[in-house]
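J.: Right, I'll just put the structure down here and ask away after.
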Amino acid sequence: MTALVWDKTGEKFYQTGIQCGVLYLQDGRVVVWNGLTGMDETSESELTSYYLDGVKYLENLSPGDFSGKLKAWTYPDEFDSVSGIAEVSSGLQYYEQPPKSFNLSYQTRVSNDIDSELGYKIHLLYNLLAKPDQSSFNTLSDEAKEPTEFGWSLTGTPPPLTGFRPTVHVVVDSTKTDPETLQAIEDIIYGTATTNPRFPTIDEIRALFDVYGILVIIDNGDGTWTAIDQAGDYITMNNPTQFTINNADATYLDATTYEVSTTYPD
């Protein structure tokens, strides 16, 4: 038997801050979002109580849909196009235009009582729509100029998700994720010296976490692809520039062209 112990050193975890914001537009453009100041996340869950002869005998809490409040001192110019502001010509904008959906990623820091830089969580938000808050601009004075903080109410449409209830919000915890898997995810969402950043599907993220014993095929979105085989079961390097992939799921499109996909062992 083991007694409970409180306040162990290194077990007081907390999250803080928001950083490394990235905006992903549906046309493929990806831009850094500097100036994020906060994200309030919530889920509109519904609690239903059941009574029999005036006595509560059951409560059911149904998961709700994602909603959030995004705040920033500034935002990238590209965000105008998804929040209902159309650039008609250089210097001319029309407001109250139809909004467009977008994807968003950002990080929050993970710390404990020993290490304030223990790690971080990567938040991935899918298929969002942003409704701008009311903006207030006050008269200038001789006192220090206070910048206007912008805000948006966020909602989202969850993409399909196999085996789980569909969700808009996915989190990758760097303190618990295999380093190679984390690097593969960051290479996708932030880009590399040879590949452009892009927003991955939920199924792609899941496949990367199941990577050991699986051949994971990643479409880099630029005509190239990456294969990950951590267990060494599928890929054989014939020489420094040539390789062979065995036992992969492949579909031949014609006599010389085929499509290879993520392969799970039997």
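Convention: chains lettered A, B, ... in structure tokens order; per-chain residue numbering from 1; ligands numbered from 1 as shown.
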Neighbours of Ser105 (chain A) within 10 Å (only C-alpha atoms; same-chain residues fewer than 3 positions away dropped), as JSON, numbers by chain?
T.: {"A": [19, 20, 21, 22, 23, 24, 32, 33, 122, 123, 124, 125, 126, 169, 170, 171, 189, 190, 199]}
J.: Which residues come within 9 Å of region 185-187 of chain A, counting only C-alpha atoms, excluding same-chain residues fewer than 6 positions away, as a ChimeraX atom specification?
T.: /A:172,195-197,200,205,208
J.: Have a look at A:Ala72, A:Ile18, A:Leu47, A:Ile202 and name the one nearest to Gly35 (chain A); count only C-alpha atoms.
T.: A:Ala72
J.: Report as a compact mmCIF listing (two decimals) with C-alpha atoms, in the first residue's frame all protein, DNA and RNA residues lying within 9 Å of Thr251 (chain A), evaluated on only C-alpha atoms, omitting residues in the same chain fewer than 3 positions from it.
T.:
# COMPACT_ATOMS: atom_id res chain seq x y z
CA THR A 257 2.84 5.49 -61.89
CA TYR A 258 1.62 4.47 -58.46
CA GLU A 259 0.27 6.04 -55.29
CA VAL A 260 1.74 4.93 -51.95
CA SER A 261 -0.07 5.54 -48.65
J.: Between region 109-228 of chain A and region 1-12 of chain A, at 7 Å or less, what are the per-residue closest atom pairs and their distances in Å? Count only C-alpha atoms, order by chain and rising residue number, and return it as CSV.
T.:
residue,atom,partner,partner_atom,distance
A:Asn112,CA,A:Lys12,CA,5.1
A:Asp113,CA,A:Lys12,CA,5.6
A:Ile114,CA,A:Gly10,CA,5.6
J.: So that I have them on file, write out the residues from the current selection with C-alpha atoms, as a PDB file, in the first residue's frame.
T.:
ATOM      1  CA  ASN A 112       6.668  23.221 -13.105  1.00  0.00           C
ATOM      2  CA  ASP A 113       8.172  24.239  -9.778  1.00  0.00           C
ATOM      3  CA  ILE A 114      11.648  23.198 -10.995  1.00  0.00           C
TER       4      ILE A 114
END
J.: Among the residues of region 71-239 of chain A, find those DSSP assigns to strand (DSSP E) from the backbone and print them as a PyMOL selection string.
T.: chain A and resi 71-72+86-89+92-94+102-111+119-132+150-156+169-173+216-219+225-228+235-239
J.: Do you know which residues are at most 12 Å from Lys176 (chain A) counting only C-alpha atoms, after dropping those on the same chain fewer than 4 positions away, and could you put them as a list in words?
T.: Val110, Leu118, Gly119, Tyr120, Lys121, Ile122, Val171, Val172, Glu180, Thr181, Leu182 and Phe209 of chain A
J.: Distance CA of Ser67 (chain A)-CA of Pro159 (chain A), one decimal place?
T.: 15.1 Å
J.: Any idea what's packed within 10 Å of Gln134 (chain A), counting only C-alpha atoms, ignoring anything in its chain fewer than 2 positions away? Could you give it as a compact mmCIF listing (two decimals) with C-alpha atoms, in the first residue's frame?
T.:
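The result, stored in around.txt:
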# COMPACT_ATOMS: atom_id res chain seq x y z
CA LYS A 131 -16.39 37.21 -35.68
CA PRO A 132 -14.67 40.54 -34.85
CA SER A 136 -13.19 51.25 -29.50
CA PHE A 150 -8.33 43.45 -31.11
CA GLY A 151 -10.57 40.50 -30.35
CA TRP A 152 -12.50 37.83 -32.25
J.: Could you name the residues that touch Thr167 (chain A) at 8 Å or less, counting only C-alpha atoms, but leaving out those on the same chain fewer than 5 positions away, as a PDB file with N, CA and C atoms, in the first residue's frame?
T.:
ATOM      1  N   ASP A  65     -19.618  22.018 -28.533  1.00  0.00           N
ATOM      2  CA  ASP A  65     -18.784  22.455 -29.643  1.00  0.00           C
ATOM      3  C   ASP A  65     -17.777  23.487 -29.168  1.00  0.00           C
ATOM      4  N   PHE A  66     -16.652  23.550 -29.860  1.00  0.00           N
ATOM      5  CA  PHE A  66     -15.603  24.495 -29.506  1.00  0.00           C
ATOM      6  C   PHE A  66     -16.055  25.931 -29.764  1.00  0.00           C
ATOM      7  N   THR A 157     -15.890  24.172 -37.352  1.00  0.00           N
ATOM      8  CA  THR A 157     -16.566  22.963 -37.816  1.00  0.00           C
ATOM      9  C   THR A 157     -15.585  21.806 -37.742  1.00  0.00           C
ATOM     10  N   PRO A 158     -15.831  20.821 -36.887  1.00  0.00           N
ATOM     11  CA  PRO A 158     -14.849  19.742 -36.720  1.00  0.00           C
ATOM     12  C   PRO A 158     -14.770  18.846 -37.943  1.00  0.00           C
ATOM     13  N   PRO A 159     -13.556  18.477 -38.351  1.00  0.00           N
ATOM     14  CA  PRO A 159     -13.414  17.520 -39.445  1.00  0.00           C
ATOM     15  C   PRO A 159     -13.743  16.113 -38.961  1.00  0.00           C
ATOM     16  N   LEU A 161     -13.440  12.354 -37.718  1.00  0.00           N
ATOM     17  CA  LEU A 161     -12.413  11.766 -36.861  1.00  0.00           C
ATOM     18  C   LEU A 161     -12.790  10.319 -36.576  1.00  0.00           C
TER      19      LEU A 161
END
J.: Would you compute the distance between CA of Gly232 (chain A) and CA of Thr177 (chain A)? Give it in Å to one decimal.
T.: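 So the two atoms, CA of Gly232 (chain A) and CA of Thr177 (chain A), lie 19.8 Å apart.
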J.: What residues in region 70-262 of chain A get the DSSP label alpha helix (DSSP H)? Please answer as a list in words.
T.: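 Across region 70-262 of chain A, those assigned alpha helix (DSSP H) are Pro179, Glu180, Thr181, Leu182, Gln183, Ala184, Ile185, Glu186, Asp187, Ile188, Ile189, Tyr190, Ile202, Asp203, Glu204, Ile205, Arg206, Ala207, Leu208 and Phe209 of chain A.
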J.: Please provide the set of residues having any atom within 10 Å of Ala130 (chain A), restricted to only C-alpha atoms, with same-chain residues fewer than 3 positions apart removed, written as a PyMOL selection string.
T.: chain A and resi 68-70+79+82-84+99-102+133+151-156
J.: Any chance you could export the current selection's N, CA and C atoms as a PDB file, in the first residue's frame?
T.:
ATOM      1  N   GLY A  68     -14.191  30.038 -28.810  1.00  0.00           N
ATOM      2  CA  GLY A  68     -13.043  30.679 -28.198  1.00  0.00           C
ATOM      3  C   GLY A  68     -13.058  32.174 -28.415  1.00  0.00           C
ATOM      4  N   LYS A  69     -12.180  32.836 -27.710  1.00  0.00           N
ATOM      5  CA  LYS A  69     -11.993  34.286 -27.821  1.00  0.00           C
ATOM      6  C   LYS A  69     -10.505  34.537 -28.039  1.00  0.00           C
ATOM      7  N   LEU A  70     -10.170  35.012 -29.218  1.00  0.00           N
ATOM      8  CA  LEU A  70      -8.790  35.292 -29.583  1.00  0.00           C
ATOM      9  C   LEU A  70      -8.529  36.783 -29.431  1.00  0.00           C
ATOM     10  N   PHE A  79      -5.165  38.158 -42.492  1.00  0.00           N
ATOM     11  CA  PHE A  79      -6.322  37.809 -41.674  1.00  0.00           C
ATOM     12  C   PHE A  79      -7.552  38.621 -42.066  1.00  0.00           C
ATOM     13  N   VAL A  82     -10.171  36.718 -44.151  1.00  0.00           N
ATOM     14  CA  VAL A  82     -11.007  35.685 -43.543  1.00  0.00           C
ATOM     15  C   VAL A  82     -11.960  36.259 -42.501  1.00  0.00           C
ATOM     16  N   SER A  83     -11.744  37.504 -42.081  1.00  0.00           N
ATOM     17  CA  SER A  83     -12.603  38.093 -41.048  1.00  0.00           C
ATOM     18  C   SER A  83     -13.605  39.086 -41.618  1.00  0.00           C
ATOM     19  N   GLY A  84     -13.763  39.104 -42.948  1.00  0.00           N
ATOM     20  CA  GLY A  84     -14.805  39.922 -43.542  1.00  0.00           C
ATOM     21  C   GLY A  84     -14.360  41.274 -44.041  1.00  0.00           C
ATOM     22  N   PRO A  99     -17.158  36.191 -44.448  1.00  0.00           N
ATOM     23  CA  PRO A  99     -15.930  35.629 -43.862  1.00  0.00           C
ATOM     24  C   PRO A  99     -15.567  34.310 -44.528  1.00  0.00           C
ATOM     25  N   LYS A 100     -14.337  33.871 -44.288  1.00  0.00           N
ATOM     26  CA  LYS A 100     -13.847  32.600 -44.811  1.00  0.00           C
ATOM     27  C   LYS A 100     -13.258  31.786 -43.663  1.00  0.00           C
ATOM     28  N   SER A 101     -13.259  30.476 -43.819  1.00  0.00           N
ATOM     29  CA  SER A 101     -12.696  29.622 -42.775  1.00  0.00           C
ATOM     30  C   SER A 101     -11.173  29.594 -42.877  1.00  0.00           C
ATOM     31  N   PHE A 102     -10.531  29.245 -41.773  1.00  0.00           N
ATOM     32  CA  PHE A 102      -9.076  29.190 -41.710  1.00  0.00           C
ATOM     33  C   PHE A 102      -8.667  28.213 -40.621  1.00  0.00           C
ATOM     34  N   ASP A 133     -14.796  41.454 -32.612  1.00  0.00           N
ATOM     35  CA  ASP A 133     -15.425  42.167 -31.513  1.00  0.00           C
ATOM     36  C   ASP A 133     -15.593  43.634 -31.883  1.00  0.00           C
ATOM     37  N   GLY A 151     -10.033  41.763 -30.832  1.00  0.00           N
ATOM     38  CA  GLY A 151     -10.573  40.503 -30.350  1.00  0.00           C
ATOM     39  C   GLY A 151     -11.531  39.889 -31.356  1.00  0.00           C
ATOM     40  N   TRP A 152     -11.608  38.563 -31.358  1.00  0.00           N
ATOM     41  CA  TRP A 152     -12.496  37.833 -32.254  1.00  0.00           C
ATOM     42  C   TRP A 152     -13.116  36.662 -31.504  1.00  0.00           C
ATOM     43  N   SER A 153     -14.391  36.432 -31.730  1.00  0.00           N
ATOM     44  CA  SER A 153     -15.046  35.230 -31.231  1.00  0.00           C
ATOM     45  C   SER A 153     -14.872  34.140 -32.279  1.00  0.00           C
ATOM     46  N   LEU A 154     -14.397  32.971 -31.843  1.00  0.00           N
ATOM     47  CA  LEU A 154     -14.096  31.885 -32.761  1.00  0.00           C
ATOM     48  C   LEU A 154     -15.085  30.738 -32.603  1.00  0.00           C
ATOM     49  N   THR A 155     -15.500  30.186 -33.711  1.00  0.00           N
ATOM     50  CA  THR A 155     -16.239  28.926 -33.752  1.00  0.00           C
ATOM     51  C   THR A 155     -15.588  28.064 -34.825  1.00  0.00           C
ATOM     52  N   GLY A 156     -15.919  26.788 -34.840  1.00  0.00           N
ATOM     53  CA  GLY A 156     -15.286  25.919 -35.825  1.00  0.00           C
ATOM     54  C   GLY A 156     -16.155  24.735 -36.179  1.00  0.00           C
TER      55      GLY A 156
END
J.: Work out how far apart CA of Asp203 (chain A) and CA of Asp249 (chain A) are and give it in Å to one decimal.
T.: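 Rounded to one decimal, the two atoms are 16.5 Å apart.
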J.: Smallest atom-to-atom distance to Ile188 (chain A): which of A:Val30, A:Lys56, A:Pro98, A:Pro160, using only C-alpha atoms?
T.: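 Result for the nearest residue to Ile188 (chain A): A:Val30.
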